[in-house]
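Novice: Mind looking over this structure? Questions follow.
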Amino acid sequence: MKKTVIIINGNGGVGKDTLCELAGRHFRVRNVSSVTPIKEIARKYGGWNGEKDPKSRKFLSDLKELFVSYNDLPFQYLCEEYRNFMQSDEELMFVHIREGEEIQKLKDWIQTDCITLLVTRKQNAQVSWGNASDDNVSSFRYDYSYPNDRSLEEAEGDFCGFLREILV
């Protein structure tokens, strides 16, 4: 299988990380997020304890925006992860990015197959979190959309089948 980058997005609570874990049972996967270095800074210096509530989400979103403007830390982190991916035996690299302009920036920079994927869910997904990163998820035009509405038992086969279809 050729190497493919999948930029994955969706509202909080739609199961993106779970789907990536399920894919990892069938493909060699690297799973990274543009907010990882921001979370590390927030945890070490900002008193953030890993919460995913609206206040914490806004804090991380605002902090990420500052670092994008200052030195593009999230993009630089993803570029390094991509270089490591290209030197590995991994097949898929899931990249979690919320902001449309950041999605497009990475997609334009990637030098291998790269697709964008929006994960949706009808139930149990909060649509408004009170920050620009989370609240504008649906404003980007994605290559594919995956409705994550199956039970956990059904999701593994369905999602991996979906991936096999779009990766042809």
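By order in the structure tokens, chains are A, B, ...; within a chain, residues start at 1; ligands start at 1, following the order shown.
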Tell me, as an NGL selection string, which residues lie within 12 Å of Asp72 in chain A, counting only C-alpha atoms; anything in the same chain fewer than 4 positions away does not count.
Specialist: :A and (34-35 or 37-38 or 63-68 or 76-79 or 102 or 105-106)
Novice: Quick one: write out the picked residues with C-alpha atoms as a JSON list (two decimals), in the first residue's frame?
Specialist:
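The resulting file, out.json, is reproduced below:
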```
[["chain", "number", "residue", "atom", "x", "y", "z"],
["A", 34, "SER", "CA", -1.74, 19.90, 15.24],
["A", 35, "VAL", "CA", -2.64, 20.87, 18.79],
["A", 37, "PRO", "CA", 2.62, 20.95, 21.03],
["A", 38, "ILE", "CA", 0.04, 23.48, 22.23],
["A", 63, "LEU", "CA", -3.20, 29.60, 22.34],
["A", 64, "LYS", "CA", -2.84, 27.71, 19.07],
["A", 65, "GLU", "CA", -3.86, 30.81, 17.11],
["A", 66, "LEU", "CA", -1.15, 32.82, 18.89],
["A", 67, "PHE", "CA", 1.51, 30.23, 18.05],
["A", 68, "VAL", "CA", 0.37, 30.03, 14.43],
["A", 76, "GLN", "CA", 6.29, 22.94, 11.97],
["A", 77, "TYR", "CA", 5.38, 20.08, 14.32],
["A", 78, "LEU", "CA", 3.23, 18.44, 11.62],
["A", 79, "CYS", "CA", 5.97, 18.82, 9.02],
["A", 102, "GLU", "CA", -4.40, 25.17, 8.51],
["A", 105, "LYS", "CA", -1.75, 24.79, 4.29],
["A", 106, "LEU", "CA", -0.71, 21.25, 5.19]]
```
Novice: Where in range 97-139 of chain A does DSSP assign alpha helix (DSSP H), given as a VMD selection string?
Specialist: chain A and resid 100 to 109 132 to 135
Novice: What lies within 12 Å of Ile115 in chain A using only C-alpha atoms, ignoring chain neighbours under 3 positions off, as a list of chain:residue names?
Specialist: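 My reading of the contact set: A:Lys3, A:Thr4, A:Val5, A:Ile6, A:Ile7, A:Ile8, A:Asn9, A:Leu92, A:Met93, A:Phe94, A:Val95, A:Ile103, A:Gln104, A:Leu106, A:Lys107, A:Asp108, A:Ile110, A:Gln111, A:Thr112, A:Leu118, A:Arg141, A:Tyr142, A:Asp143, A:Tyr144, A:Ser145, A:Leu163, A:Ile166, A:Leu167.
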Novice: Give me, as a PyMOL selection string, all polymer residues having an atom no more than 12 Å from Asp53 in chain A, counting only C-alpha atoms and skipping those fewer than 5 positions away in the same chain.
Specialist: chain A and resi 12-13+48+58-60+126+128-131+134
Novice: Please return, as a count of residues only, all residues of range 5-142 of chain A that DSSP assigns to strand (DSSP E) on the basis of the backbone.
Specialist: 23
Novice: Tell me, as an MDAnalysis selection string, which residues lie within 8 Å of Ala155 in chain A, counting only C-alpha atoms; anything in the same chain fewer than 5 positions away does not count.
Specialist: chainID A and resid 19 148 150
Novice: Could you take the residues named above and write them with C-alpha atoms, as a short mmCIF file (atom, residue, chain, number, x, y, z; two decimals), in the first residue's frame?
Specialist:
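What landed in again.cif:
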```cif
data_model
loop_
_atom_site.label_atom_id
_atom_site.label_comp_id
_atom_site.auth_asym_id
_atom_site.auth_seq_id
_atom_site.Cartn_x
_atom_site.Cartn_y
_atom_site.Cartn_z
CA LEU A 19 -11.88 5.56 14.38
CA ASN A 148 -19.86 7.66 12.40
CA ARG A 150 -22.75 2.76 13.83
#
```
Novice: Between A:Lys16, A:Arg30, A:Arg98, A:Lys2, which is the closest to Thr120 in chain A once you count only C-alpha atoms?
Specialist: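 Going through A:Lys16, A:Arg30, A:Arg98, A:Lys2 one by one, the smallest distance to Thr120 in chain A is for A:Lys16.
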